[in-house]
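One file, model14.txt, is given below (compact mmCIF, C-alpha atoms).
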# COMPACT_ATOMS: atom_id res chain seq x y z
CA MET A 1 0.00 0.00 0.00
CA ALA A 2 1.32 3.42 -0.89
CA ARG A 3 2.64 5.50 1.96
CA THR A 4 0.72 8.74 2.25
CA SER A 5 2.87 11.00 4.42
CA ALA A 6 3.42 14.47 3.00
CA ALA A 7 6.72 16.19 2.51
CA SER A 8 5.77 18.45 5.38
CA SER A 9 4.89 15.59 7.69
CA SER A 10 6.02 15.88 11.28
CA THR A 11 4.97 12.31 11.89
CA THR A 12 7.44 9.84 13.29
CA THR A 13 7.10 6.17 14.00
CA SER A 14 8.61 4.46 16.99
CA LYS A 15 8.72 1.05 18.60
CA ASP A 16 7.65 0.56 22.15
CA PRO A 17 9.99 -1.21 24.58
CA THR A 18 8.54 -4.61 23.79
CA GLY A 19 9.51 -4.12 20.17
CA ASN A 20 6.28 -5.49 18.82
CA ALA A 21 3.83 -2.60 18.81
CA LEU A 22 3.86 0.76 17.15
CA SER A 23 2.54 4.12 18.16
CA HIS A 24 2.29 7.00 15.76
CA PRO A 25 2.80 10.16 17.75
CA ARG A 26 1.55 13.69 17.25
CA PRO A 27 0.29 14.10 13.72
CA ASP A 28 -0.82 17.72 13.68
CA CYS A 29 -1.56 18.56 10.06
CA GLY A 30 -3.99 17.46 7.37
CA SER A 31 -1.93 14.88 5.53
CA CYS A 32 -0.08 13.58 8.61
CA SER A 33 -3.24 12.86 10.58
CA ALA A 34 -4.80 10.91 7.75
CA SER A 35 -1.56 9.03 7.11
CA ALA A 36 -1.17 8.14 10.80
CA VAL A 37 -4.55 6.45 10.71
CA ALA A 38 -3.77 4.80 7.37
CA ASP A 39 -0.50 3.47 8.75
CA GLY A 40 -2.20 2.20 11.90
CA ILE A 41 -4.68 0.27 9.78
CA VAL A 42 -1.87 -1.19 7.67
CA PHE A 43 0.08 -2.24 10.76
CA GLU A 44 -2.91 -3.93 12.31
CA ALA A 45 -3.76 -5.69 9.06
CA ALA A 46 -0.22 -7.08 9.23
CA GLY A 47 -0.88 -8.36 12.74
CA LEU A 48 1.01 -5.59 14.53
CA PRO A 49 -0.87 -3.81 17.32
CA ALA A 50 -0.89 -0.09 16.65
CA ALA A 51 -2.15 3.11 18.21
CA ALA A 52 -2.51 6.27 16.17
CA ILE A 53 -2.70 9.66 17.91
CA CYS A 54 -4.22 12.69 16.17
CA SER A 55 -4.87 16.17 17.41
CA ASP A 56 -8.58 16.77 17.77
CA ALA A 57 -8.71 19.33 14.95
CA PHE A 58 -8.24 16.50 12.47
CA LYS A 59 -10.86 13.97 13.57
CA VAL A 60 -12.91 14.46 10.41
CA THR A 61 -10.02 13.73 8.07
CA ALA A 62 -8.80 10.83 10.23
CA ASP A 63 -12.27 9.25 10.20
CA ALA A 64 -12.54 9.79 6.44
CA MET A 65 -9.23 8.05 5.87
CA ALA A 66 -10.31 5.13 8.02
CA GLY A 67 -13.39 4.74 5.82
CA LEU A 68 -11.26 5.00 2.68
CA ARG A 69 -8.94 2.27 3.97
CA GLY A 70 -11.83 -0.09 4.63
CA ALA A 71 -11.85 0.37 8.39
CA PRO A 72 -14.74 2.71 9.20
CA GLY A 73 -14.90 3.46 12.89
CA TYR A 74 -11.21 2.73 13.36
CA ARG A 75 -10.29 3.84 16.86
CA TYR A 76 -7.38 6.16 17.57
CA ALA A 77 -6.38 8.44 20.43
CA THR A 78 -6.71 12.22 20.36
CA THR A 79 -4.90 15.07 22.01
CA PRO A 80 -6.00 18.72 21.96
CA HIS A 81 -4.89 20.87 19.04
CA PRO A 82 -2.37 22.45 18.60
CA VAL A 83 0.64 20.24 19.16
CA ALA A 84 3.28 21.86 16.97
CA VAL A 85 3.76 24.82 19.32
CA LEU A 86 4.43 22.77 22.44
CA THR A 87 7.75 22.72 24.27
CA PRO A 88 9.42 19.35 24.84
CA ASP A 89 8.15 19.32 28.44
CA GLN A 90 4.62 20.07 27.30
CA VAL A 91 4.85 17.22 24.79
CA LYS A 92 5.84 14.88 27.62
CA GLU A 93 2.85 16.08 29.60
CA ARG A 94 0.59 15.36 26.61
CA ALA A 95 2.15 11.93 26.25
CA ALA A 96 1.39 11.18 29.88
CA ARG A 97 -2.22 12.30 29.43
CA VAL A 98 -2.79 10.16 26.35
CA LEU A 99 -0.90 7.13 27.63
CA ASP A 100 -3.92 5.32 29.06
CA ASP A 101 -5.76 5.65 25.73
CA VAL A 102 -2.73 4.34 23.80
CA VAL A 103 -2.36 1.39 26.13
CA ALA A 104 -6.08 0.64 25.82
CA LEU A 105 -5.87 0.75 22.02
CA LEU A 106 -2.83 -1.53 21.93
CA ALA A 107 -4.41 -3.93 24.38
CA ALA A 108 -7.63 -4.02 22.41
CA ALA A 109 -5.73 -4.51 19.15
CA SER A 110 -3.80 -7.45 20.56
CA GLU A 111 -6.86 -9.21 21.92
CA MET B 1 -30.13 28.21 -38.69
CA THR B 2 -29.25 25.94 -35.79
CA GLU B 3 -31.58 26.22 -32.86
CA PRO B 4 -29.83 27.53 -29.73
CA PRO B 5 -29.53 24.95 -26.95
CA ASP B 6 -32.27 24.83 -24.37
CA PRO B 7 -31.12 27.01 -21.42
CA ALA B 8 -33.52 25.36 -19.02
CA ALA B 9 -32.14 21.91 -19.82
CA ALA B 10 -28.59 23.22 -19.51
CA GLN B 11 -29.35 24.80 -16.14
CA ALA B 12 -30.96 21.61 -14.92
CA ALA B 13 -27.90 19.61 -15.95
CA VAL B 14 -25.58 22.05 -14.20
CA GLU B 15 -27.66 21.88 -11.03
CA TYR B 16 -27.66 18.08 -11.26
CA CYS B 17 -23.85 18.13 -11.21
CA TYR B 18 -23.90 20.40 -8.14
CA ALA B 19 -26.32 18.09 -6.40
CA GLN B 20 -23.98 15.14 -6.93
CA GLY B 21 -21.18 17.01 -5.15
CA TRP B 22 -18.92 16.97 -8.20
CA SER B 23 -18.33 20.72 -8.46
CA ASP B 24 -15.43 22.77 -7.16
CA GLY B 25 -17.94 25.58 -6.64
CA LEU B 26 -18.24 26.76 -10.22
CA PRO B 27 -20.62 25.32 -12.82
CA LEU B 28 -19.53 22.11 -14.53
CA VAL B 29 -20.01 20.99 -18.09
CA PRO B 30 -22.32 17.95 -18.01
CA ALA B 31 -20.22 15.01 -19.18
CA SER B 32 -22.27 12.75 -21.43
CA GLN B 33 -20.90 9.43 -22.67
CA PRO B 34 -20.50 10.73 -26.26
CA LEU B 35 -18.50 13.71 -24.98
CA VAL B 36 -16.28 11.50 -22.80
CA ASP B 37 -15.76 9.19 -25.80
CA ARG B 38 -14.41 12.16 -27.76
CA PHE B 39 -11.86 12.73 -25.00
CA LEU B 40 -10.85 9.08 -24.91
CA ALA B 41 -10.39 9.15 -28.70
CA THR B 42 -7.55 11.67 -28.32
CA THR B 43 -5.26 9.30 -26.46
CA THR B 44 -3.77 5.89 -27.13
CA LYS B 45 -4.12 5.04 -23.44
CA ASP B 46 -6.62 2.42 -22.43
CA PRO B 47 -9.63 3.89 -20.59
CA GLY B 48 -9.09 1.39 -17.80
CA GLU B 49 -5.43 2.23 -17.35
CA ILE B 50 -4.65 3.34 -13.84
CA GLU B 51 -3.04 6.75 -13.80
CA GLN B 52 -1.77 6.52 -10.26
CA VAL B 53 -0.69 3.47 -8.33
CA GLY B 54 -2.63 2.95 -5.13
CA ARG B 55 -5.44 5.29 -6.03
CA ASN B 56 -8.39 4.77 -8.23
CA CYS B 57 -8.02 7.18 -11.12
CA THR B 58 -8.44 5.61 -14.50
CA VAL B 59 -7.97 7.35 -17.82
CA TYR B 60 -11.75 7.14 -18.12
CA LEU B 61 -12.31 9.02 -14.86
CA ALA B 62 -9.72 11.59 -15.89
CA ALA B 63 -11.65 12.09 -19.13
CA VAL B 64 -14.93 12.60 -17.29
CA ASN B 65 -13.40 15.22 -15.04
CA ALA B 66 -11.60 16.98 -17.88
CA ALA B 67 -14.92 17.19 -19.72
CA MET B 68 -16.66 18.59 -16.64
CA ALA B 69 -13.83 21.11 -16.18
CA GLY B 70 -14.67 22.61 -19.55
CA CYS B 71 -11.75 21.20 -21.53
CA LEU B 72 -12.15 20.55 -25.21
CA PRO B 73 -11.46 16.89 -26.06
CA GLU B 74 -8.22 17.85 -27.79
CA TYR B 75 -6.82 19.20 -24.49
CA PHE B 76 -7.01 15.75 -22.93
CA PRO B 77 -3.47 14.57 -23.81
CA VAL B 78 -2.20 17.74 -22.10
CA VAL B 79 -4.31 16.95 -19.01
CA LEU B 80 -2.87 13.43 -18.90
CA ALA B 81 0.68 14.75 -19.32
CA ALA B 82 0.10 17.35 -16.60
CA PHE B 83 -1.26 14.68 -14.28
CA ASP B 84 1.72 12.45 -14.97
CA ALA B 85 4.13 15.34 -14.40
CA LEU B 86 2.47 16.19 -11.09
CA MET B 87 2.64 12.61 -9.88
CA ARG B 88 6.42 12.80 -10.24
CA GLU B 89 6.46 15.43 -7.52
CA ARG B 90 7.27 13.90 -4.16
CA ALA B 91 4.41 15.63 -2.35
CA ALA B 92 1.62 14.98 -4.87
CA PRO B 93 1.21 11.22 -4.35
CA GLY B 94 2.47 11.65 -0.79
CA GLY B 95 -0.39 13.55 0.79
CA GLY B 96 0.17 17.04 -0.62
CA TRP B 97 -3.45 17.35 -1.73
CA GLN B 98 -4.53 16.83 1.88
CA SER B 99 -2.01 19.21 3.36
CA THR B 100 -2.96 22.10 5.62
CA SER B 101 -0.72 24.26 3.41
CA GLY B 102 -3.06 23.65 0.45
CA PRO B 103 -0.44 23.78 -2.30
CA ALA B 104 -1.40 24.69 -5.86
CA PRO B 105 -0.20 22.76 -8.89
CA MET B 106 1.82 24.95 -11.24
CA ILE B 107 1.66 23.44 -14.70
CA VAL B 108 3.99 24.57 -17.51
CA VAL B 109 3.28 23.72 -21.16
CA ASN B 110 5.99 23.85 -23.82
CA GLY B 111 6.26 23.22 -27.53
CA PRO B 112 3.98 23.43 -30.56
CA VAL B 113 0.97 22.15 -28.61
CA ARG B 114 0.72 25.60 -27.01
CA HIS B 115 -0.32 27.21 -30.27
CA GLU B 116 -2.11 24.19 -31.73
CA LEU B 117 -4.54 24.24 -28.82
CA GLY B 118 -4.65 28.00 -28.30
CA PHE B 119 -2.89 28.32 -24.95
CA ASN B 120 -2.15 31.83 -23.79
CA THR B 121 1.61 32.33 -23.99
CA GLY B 122 1.55 36.07 -23.33
CA GLY B 123 0.26 38.51 -20.75
CA GLY B 124 -1.78 37.34 -17.79
CA ALA B 125 0.21 34.13 -17.64
CA PHE B 126 -1.29 33.20 -14.26
CA GLY B 127 -4.74 33.83 -15.65
CA PRO B 128 -7.60 34.19 -15.96
CA GLY B 129 -9.03 34.55 -19.43
CA PHE B 130 -8.03 31.60 -21.59
CA ARG B 131 -9.87 28.32 -21.92
CA PRO B 132 -6.97 25.86 -22.32
CA ASN B 133 -4.93 27.35 -19.48
CA ALA B 134 -7.94 27.61 -17.16
CA THR B 135 -9.56 24.27 -17.84
CA VAL B 136 -6.47 22.05 -17.90
CA ALA B 137 -5.58 23.27 -14.41
CA ARG B 138 -9.19 22.93 -13.27
CA ALA B 139 -9.32 19.36 -14.60
CA ILE B 140 -6.51 18.39 -12.23
CA GLY B 141 -8.46 19.84 -9.32
CA LEU B 142 -11.59 17.94 -10.27
CA ILE B 143 -9.63 14.69 -10.61
CA VAL B 144 -8.29 15.19 -7.09
CA ARG B 145 -11.80 15.96 -5.83
CA ASN B 146 -13.84 13.36 -7.65
CA ALA B 147 -11.48 10.52 -8.55
CA PHE B 148 -9.40 10.62 -5.35
CA GLY B 149 -12.28 11.83 -3.18
CA ILE B 150 -10.17 14.54 -1.56
CA ARG B 151 -12.78 17.16 -0.68
CA PRO B 152 -12.51 20.32 1.42
CA HIS B 153 -13.11 19.94 5.15
CA VAL B 154 -12.80 16.16 4.93
CA LEU B 155 -9.61 14.69 3.45
CA GLU B 156 -8.64 18.12 2.11
CA GLN B 157 -7.54 20.10 5.15
CA ALA B 158 -6.14 23.34 3.71
CA THR B 159 -6.08 25.95 6.47
CA GLN B 160 -6.23 28.98 4.18
CA GLY B 161 -5.88 27.42 0.75
CA LEU B 162 -4.07 29.35 -1.92
CA PRO B 163 -5.35 31.92 -4.41
CA GLY B 164 -5.11 30.28 -7.78
CA ARG B 165 -5.26 26.68 -6.62
CA TRP B 166 -6.45 24.60 -9.61
CA SER B 167 -6.05 27.52 -12.02
CA ILE B 168 -2.32 27.87 -12.74
CA CYS B 169 -1.30 26.51 -16.14
CA LEU B 170 1.38 28.57 -17.83
CA ALA B 171 2.36 28.17 -21.44
CA GLU B 172 5.95 29.34 -21.60
CA ASN B 173 6.65 32.40 -23.74
CA GLU B 174 9.31 30.56 -25.71
CA GLU B 175 9.22 33.07 -28.53
CA GLU B 176 10.46 35.87 -26.28
CA SER B 177 12.68 33.80 -24.03
CA PRO B 178 16.45 34.12 -24.41
CA TRP B 179 16.89 30.63 -22.97
CA PRO B 180 16.02 27.03 -23.87
CA PRO B 181 12.41 26.03 -23.06
CA PHE B 182 11.56 24.84 -19.57
CA ALA B 183 10.83 21.33 -20.90
CA ALA B 184 14.50 21.13 -21.92
CA ASP B 185 15.40 21.55 -18.24
CA GLY B 186 13.16 18.54 -17.73
CA GLY B 187 15.07 16.43 -20.24
CA GLN B 188 12.88 16.85 -23.32
CA PRO B 189 14.38 17.65 -26.74
CA ALA B 190 14.04 21.12 -28.21
CA GLY B 191 10.73 21.57 -29.98
CA ALA B 192 8.95 18.85 -28.04
CA SER B 193 5.42 19.35 -26.78
CA ALA B 194 5.73 18.57 -23.11
CA VAL B 195 4.27 19.43 -19.74
CA SER B 196 6.09 20.05 -16.48
CA ALA B 197 4.53 20.58 -13.10
CA THR B 198 5.32 21.26 -9.51
CA LEU B 199 3.43 22.33 -6.41
CA LEU B 200 3.68 25.84 -5.09
CA ARG B 201 2.96 27.21 -1.65
CA THR B 202 2.72 30.87 -2.51
CA CYS B 203 3.89 33.48 -4.98
CA GLU B 204 4.70 37.16 -4.97
CA PHE B 205 5.45 39.48 -7.82
CA VAL B 206 8.58 41.56 -8.21
CA ASP B 207 8.01 44.86 -9.97
CA ASN B 208 11.14 46.47 -11.44
CA ARG B 209 9.56 48.28 -14.34
CA HIS B 210 11.65 51.38 -13.71
CA THR B 211 14.88 49.58 -14.47
CA PRO B 212 16.46 50.64 -17.78
CA ASP B 213 15.81 47.33 -19.51
CA PRO B 214 12.19 46.27 -19.14
CA GLU B 215 12.39 42.49 -19.36
CA HIS B 216 14.09 40.53 -16.62
CA ALA B 217 15.00 37.42 -18.59
CA GLN B 218 16.31 39.39 -21.53
CA MET B 219 18.13 41.81 -19.26
CA LEU B 220 19.84 38.94 -17.49
CA ALA B 221 20.68 37.18 -20.74
CA GLY B 222 22.01 40.47 -22.11
CA ALA B 223 24.29 40.69 -19.10
CA GLY B 224 25.66 37.26 -19.98
CA PHE B 225 23.62 35.08 -17.70
CA SER B 226 22.49 31.65 -18.84
CA LYS B 227 19.44 30.25 -17.05
CA GLN B 228 21.80 28.01 -15.12
CA GLY B 229 23.89 31.05 -14.26
CA VAL B 230 20.85 32.79 -12.78
CA GLN B 231 20.04 29.70 -10.74
CA GLU B 232 23.62 29.45 -9.47
CA TRP B 233 23.59 33.14 -8.50
CA LEU B 234 20.37 32.72 -6.56
CA MET B 235 21.62 29.56 -4.85
CA GLU B 236 24.76 31.41 -3.79
CA HIS B 237 23.04 34.56 -2.50
CA CYS B 238 19.68 33.44 -1.09
CA GLY B 239 19.91 32.70 2.60
CA ARG B 240 20.06 34.09 6.11
CA THR B 241 22.89 35.02 8.43
CA GLY B 242 23.24 33.30 11.77
CA ALA B 243 22.24 36.59 13.42
CA ASP B 244 19.02 36.75 11.36
CA LEU B 245 18.18 33.19 12.33
CA ARG B 246 18.91 33.89 15.99
CA ARG B 247 16.61 36.94 15.99
CA ALA B 248 13.85 34.73 14.57
CA GLY B 249 14.50 32.00 17.15
CA LYS B 250 15.66 29.58 14.46
CA ASN B 251 19.43 29.43 14.92
CA GLY B 252 19.58 26.10 16.74
CA LEU B 253 19.28 22.88 14.76
CA ARG B 254 18.45 19.49 16.26
CA GLY B 255 17.83 16.85 13.62
CA MET B 256 15.29 18.43 11.28
CA ALA B 257 13.92 20.86 13.88
CA ARG B 258 15.08 24.43 14.37
CA PHE B 259 14.92 26.10 17.78
CA ALA B 260 16.07 29.25 19.58
CA ASP B 261 19.65 28.95 20.83
CA SER B 262 21.32 31.65 22.93
CA ASP B 263 24.71 30.90 21.34
CA GLU B 264 25.80 33.93 19.26
CA SER B 265 29.03 32.45 17.93
CA ALA B 266 27.52 31.64 14.52
CA ASP B 267 26.04 35.13 13.96
CA ASP B 268 28.38 35.82 11.02
CA SER B 269 27.68 32.50 9.29
CA PHE B 270 25.45 32.32 6.20
CA SER B 271 22.90 29.55 5.67
CA ARG B 272 21.84 29.08 2.05
CA ILE B 273 18.25 28.05 1.43
CA LEU B 274 18.34 26.75 -2.16
CA PRO B 275 20.27 23.47 -2.27
CA SER B 276 19.93 22.78 -6.00
CA PRO B 277 18.60 24.20 -9.31
CA ARG B 278 15.52 22.03 -8.80
CA HIS B 279 14.60 24.27 -5.86
CA VAL B 280 14.61 27.31 -8.12
CA PRO B 281 13.15 26.38 -11.53
CA ILE B 282 12.98 29.30 -13.96
CA VAL B 283 10.14 29.77 -16.46
CA VAL B 284 9.80 32.67 -18.89
CA ALA B 285 6.18 33.74 -19.01
CA GLY B 286 3.96 36.76 -19.39
CA ALA B 287 3.94 39.84 -21.57
CA ARG B 288 6.74 41.98 -22.82
CA ASN B 289 5.19 45.12 -21.39
CA ALA B 290 6.71 45.65 -17.95
CA ALA B 291 9.57 44.14 -16.01
CA ILE B 292 7.43 42.18 -13.58
CA SER B 293 8.34 38.69 -12.49
CA MET B 294 6.64 36.24 -10.17
CA VAL B 295 8.63 34.58 -7.43
CA VAL B 296 7.03 31.27 -6.56
CA ARG B 297 7.82 29.31 -3.45
CA ILE B 298 7.63 25.71 -4.47
CA PHE B 299 6.65 22.78 -2.27
CA GLY B 300 10.00 21.13 -1.69
CA GLU B 301 11.70 20.67 -5.01
CA TRP B 302 10.72 20.19 -8.63
CA SER B 303 11.14 16.63 -9.94
CA GLY B 304 13.32 17.98 -12.76
CA THR B 305 11.40 16.02 -15.39
CA ALA B 306 8.96 17.01 -18.11
CA THR B 307 6.34 14.66 -19.56
CA PRO B 308 5.90 14.52 -23.35
CA VAL B 309 2.36 15.17 -24.54
CA GLY B 310 1.44 11.64 -25.55
CA PRO B 311 0.56 10.38 -29.01
CA ARG B 312 -2.44 12.31 -30.24
CA THR B 313 -4.78 11.31 -33.00
CA ALA B 314 -4.73 13.45 -36.12
CA ALA B 315 -8.24 14.65 -35.37
CA VAL B 316 -7.16 16.52 -32.28
CA VAL B 317 -5.19 19.26 -34.03
CA LEU B 318 -7.34 22.34 -34.36
CA THR B 319 -7.61 23.92 -37.75
Please go through the file and, once you have read it, give me the structure as C-alpha cells.
Amino acid sequence: MARTSAASSSTTTSKDPTGNALSHPRPDCGSCSASAVADGIVFEAAGLPAAAICSDAFKVTADAMAGLRGAPGYRYATTPHPVAVLTPDQVKERAARVLDDVVALLAAASE
Amino acid sequence: MTEPPDPAAAQAAVEYCYAQGWSDGLPLVPASQPLVDRFLATTTKDPGEIEQVGRNCTVYLAAVNAAMAGCLPEYFPVVLAAFDALMRERAAPGGGWQSTSGPAPMIVVNGPVRHELGFNTGGGAFGPGFRPNATVARAIGLIVRNAFGIRPHVLEQATQGLPGRWSICLAENEEESPWPPFAADGGQPAGASAVSATLLRTCEFVDNRHTPDPEHAQMLAGAGFSKQGVQEWLMEHCGRTGADLRRAGKNGLRGMARFADSDESADDSFSRILPSPRHVPIVVAGARNAAISMVVRIFGEWSGTATPVGPRTAAVVLT
C-alpha cells in the first residue's frame, strides 16, 4: 500500500519497549493525521498492534481516511490541538495524558 | 439556422452536477458518454489504465473530469501529461493534496501544442481569461476531488488554501525567451510538446519596471547570464545570516527541527536556502510590457522532469 505521508509531515514512527507494537505520535496537520490512521490500519492488518494519535482538529479527516482504507470506525487516540507549538516538556505532559488511551488501544488490538 | 440549446435543460444539468457534489464551486459541463468518448479518442491510453498506483483514477475518470472542467477533447493529452508530471512530484502522491498548506499545482506547457490548442503564452500568464490554461488546471483539481475523493473539510484540510489553486497553467513564452524552453530543463528535446509541473505554496510578484531594460530574462541574458547562471547566482546569494536566524528564534538545529539557541558564535555564518537548481526552476512567461516577475515558493523541489504530450490522434489538431 502506498505511503501517504506528505513532505511536510512531522509524523514519526517508533517502537515501544517490547519491540512489537507501534505508536504513531503527534500528527498535527492534514496529511499527517490521515496518514497516521492509514499506517495504523496497515500495521494492524499485518498483525502488529498499533495506536494512532491525532490532534482533535483532524478527527474528520482521520475518520474519512479510516473509511477509505476499509476500516470505518477505526479507533485512535486524540490530544488537543495544537501540538506543533508545544515545548518538549509540554509534549511529555501530553504523552502522559494520552498514555492510558494508547495502552487501551494496543491492548484491544492485541486481543 | 441551428436552434440555440435549451437554457432550461442546460441549467438543470448544471444543477444536477452540483447536487452530486462533483463541483469545485463553479458550474460544470455535463459530461455525457459521447463527450467522454471524444476525450478518450484523443489518447492511445486504455480507458481502464490506472493513472496513479494505489489510487483509483483511471484514464476514463480523468476524461470525465476533464470534460466537466470545460476542456475541449483535444486538451485531454495535455491533461494526462500534466497529471503524470504532477505525480512525479514527491508531495503529490504523498499527501500534498490533503495538506494544511493547500499547495497549488503549477503546470507549464511547452512546444507546438501551445499554439495548436490556443494556450495563452503572453500577458496574464497566471490567468484568468483563456480556456486551455484555465480548464487544464481545473481538470486536475476535479480529478483530485472526484477521482481521489479529496474534498474540502474532509480529506482536504487546507487551512487557508491558496489563491489560484487549480487555475495555474502557464504556457511558456518561448518566442520571447532568451533561454532554452523549460521542458529542456526537464530532459525533453528542443521543440517537443511537453508538460512540467510542480506544487507551489505561494507566490509574490517583483516589480522592477523602472529599471532601464524592461524584461528581466532578456536583461539577465544580455548581461551574460544563462538560465543556469541565474540559478547558481540565486543559490549562492539566497539565505540568512546566523544573526538573522537567531533573531527569529531559528538558529539552533536538532535533527530536522530548528529552535532558539542563545549561542551567538555563529552570527556571522550564512545559511543558504536553495540546495539545488531544482529548488529554483525558472520559467519565462507573461507579456513583454513591464519588467514584472513572479517569485514562486515551491513545495519542496521540482522533480526535474517534463512529460511529453502523448501520441495524439490526427483529429485533435485544431484547424
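Picture a line from CA of Ala92 in chain B to CA of Thr198 in chain B; it runs 8.6 Å.
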Near-range 57-68 of chain A list (12 Å; all atoms listed in the file; drop same-chain fewer than 3 positions) as a PDB file with C-alpha atoms, in the frame of the given file:
ATOM      1  CA  THR A   4       0.720   8.740   2.250  1.00  0.00           C
ATOM      2  CA  ARG A  26       1.550  13.690  17.250  1.00  0.00           C
ATOM      3  CA  PRO A  27       0.290  14.100  13.720  1.00  0.00           C
ATOM      4  CA  ASP A  28      -0.820  17.720  13.680  1.00  0.00           C
ATOM      5  CA  CYS A  29      -1.560  18.560  10.060  1.00  0.00           C
ATOM      6  CA  GLY A  30      -3.990  17.460   7.370  1.00  0.00           C
ATOM      7  CA  SER A  31      -1.930  14.880   5.530  1.00  0.00           C
ATOM      8  CA  CYS A  32      -0.080  13.580   8.610  1.00  0.00           C
ATOM      9  CA  SER A  33      -3.240  12.860  10.580  1.00  0.00           C
ATOM     10  CA  ALA A  34      -4.800  10.910   7.750  1.00  0.00           C
ATOM     11  CA  SER A  35      -1.560   9.030   7.110  1.00  0.00           C
ATOM     12  CA  ALA A  36      -1.170   8.140  10.800  1.00  0.00           C
ATOM     13  CA  VAL A  37      -4.550   6.450  10.710  1.00  0.00           C
ATOM     14  CA  ALA A  38      -3.770   4.800   7.370  1.00  0.00           C
ATOM     15  CA  ASP A  39      -0.500   3.470   8.750  1.00  0.00           C
ATOM     16  CA  GLY A  40      -2.200   2.200  11.900  1.00  0.00           C
ATOM     17  CA  ILE A  41      -4.680   0.270   9.780  1.00  0.00           C
ATOM     18  CA  VAL A  42      -1.870  -1.190   7.670  1.00  0.00           C
ATOM     19  CA  ALA A  52      -2.510   6.270  16.170  1.00  0.00           C
ATOM     20  CA  ILE A  53      -2.700   9.660  17.910  1.00  0.00           C
ATOM     21  CA  CYS A  54      -4.220  12.690  16.170  1.00  0.00           C
ATOM     22  CA  ALA A  71     -11.850   0.370   8.390  1.00  0.00           C
ATOM     23  CA  PRO A  72     -14.740   2.710   9.200  1.00  0.00           C
ATOM     24  CA  GLY A  73     -14.900   3.460  12.890  1.00  0.00           C
ATOM     25  CA  TYR A  74     -11.210   2.730  13.360  1.00  0.00           C
ATOM     26  CA  ARG A  75     -10.290   3.840  16.860  1.00  0.00           C
ATOM     27  CA  TYR A  76      -7.380   6.160  17.570  1.00  0.00           C
ATOM     28  CA  ALA A  77      -6.380   8.440  20.430  1.00  0.00           C
ATOM     29  CA  THR A  78      -6.710  12.220  20.360  1.00  0.00           C
ATOM     30  CA  THR A  79      -4.900  15.070  22.010  1.00  0.00           C
ATOM     31  CA  PRO A  80      -6.000  18.720  21.960  1.00  0.00           C
ATOM     32  CA  HIS A  81      -4.890  20.870  19.040  1.00  0.00           C
ATOM     33  CA  PRO A  82      -2.370  22.450  18.600  1.00  0.00           C
ATOM     34  CA  VAL A  83       0.640  20.240  19.160  1.00  0.00           C
TER      35      VAL A  83
ATOM     36  CA  GLY B  54      -2.630   2.950  -5.130  1.00  0.00           C
ATOM     37  CA  ARG B  55      -5.440   5.290  -6.030  1.00  0.00           C
ATOM     38  CA  ASN B  56      -8.390   4.770  -8.230  1.00  0.00           C
ATOM     39  CA  GLY B  95      -0.390  13.550   0.790  1.00  0.00           C
ATOM     40  CA  GLN B  98      -4.530  16.830   1.880  1.00  0.00           C
ATOM     41  CA  SER B  99      -2.010  19.210   3.360  1.00  0.00           C
ATOM     42  CA  THR B 100      -2.960  22.100   5.620  1.00  0.00           C
ATOM     43  CA  PHE B 148      -9.400  10.620  -5.350  1.00  0.00           C
ATOM     44  CA  GLY B 149     -12.280  11.830  -3.180  1.00  0.00           C
ATOM     45  CA  ILE B 150     -10.170  14.540  -1.560  1.00  0.00           C
ATOM     46  CA  ARG B 151     -12.780  17.160  -0.680  1.00  0.00           C
ATOM     47  CA  PRO B 152     -12.510  20.320   1.420  1.00  0.00           C
ATOM     48  CA  HIS B 153     -13.110  19.940   5.150  1.00  0.00           C
ATOM     49  CA  VAL B 154     -12.800  16.160   4.930  1.00  0.00           C
ATOM     50  CA  LEU B 155      -9.610  14.690   3.450  1.00  0.00           C
ATOM     51  CA  GLU B 156      -8.640  18.120   2.110  1.00  0.00           C
ATOM     52  CA  GLN B 157      -7.540  20.100   5.150  1.00  0.00           C
ATOM     53  CA  ALA B 158      -6.140  23.340   3.710  1.00  0.00           C
ATOM     54  CA  THR B 159      -6.080  25.950   6.470  1.00  0.00           C
TER      55      THR B 159
END
So the first atom is CA of Ile298 in chain B and the second is CA of Thr202 in chain B; what is the distance between them in Å, to one decimal place?
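The value is 7.4 Å.
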Rounded to one decimal in Å, what is the spacing between CA of Gly129 in chain B and CA of Ser167 in chain B?
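Separation of CA of Gly129 in chain B and CA of Ser167 in chain B: 10.6 Å.
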Distance query Ser262 in chain B at most 12 Å, all atoms listed in the file, self and fewer than 6 positions along chain excluded, as an MDAnalysis selection string
chainID B and resid 242:243 245:252
Return the single residue from B:Pro189, B:Gly25, B:Gly96, B:Gly224 that is closest to chain A, with distances computed using all atoms listed in the file.
B:Gly96
Residue among A:Leu48, A:Ala108, A:Val85, A:Leu99 lying closest to chain B, counting only C-alpha atoms
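Of A:Leu48, A:Ala108, A:Val85, A:Leu99, the one nearest chain B is A:Val85, counting only C-alpha atoms.
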Best match for closeness to chain B among A:Ala84, A:Leu105, A:Ala45, A:Ala95, counting all atoms listed in the file
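Of A:Ala84, A:Leu105, A:Ala45, A:Ala95, the one nearest chain B, counting all atoms listed in the file, is A:Ala84.
Each of B:Leu220, B:Leu199, B:Ala287, B:Ala69 was checked against chain A using only C-alpha atoms; the smallest atom-to-atom distance is that of B:Leu199.
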Counting all atoms listed in the file, what is within 6 Å of range 227-239 of chain B, bar same-chain residues fewer than 4 positions away, as a PDB file with C-alpha atoms, in the frame of the given file?
ATOM      1  CA  SER B 271      22.900  29.550   5.670  1.00  0.00           C
ATOM      2  CA  ARG B 272      21.840  29.080   2.050  1.00  0.00           C
ATOM      3  CA  ILE B 273      18.250  28.050   1.430  1.00  0.00           C
ATOM      4  CA  LEU B 274      18.340  26.750  -2.160  1.00  0.00           C
ATOM      5  CA  PRO B 277      18.600  24.200  -9.310  1.00  0.00           C
TER       6      PRO B 277
END
Skip Pro132 in chain B itself and residues of its chain fewer than 5 positions away, then list as a ChimeraX atom specification all residues within 12 Å of it, counting all atoms listed in the file.
/B:66,69-79,107,109,113-121,125,127,137-139,167-171
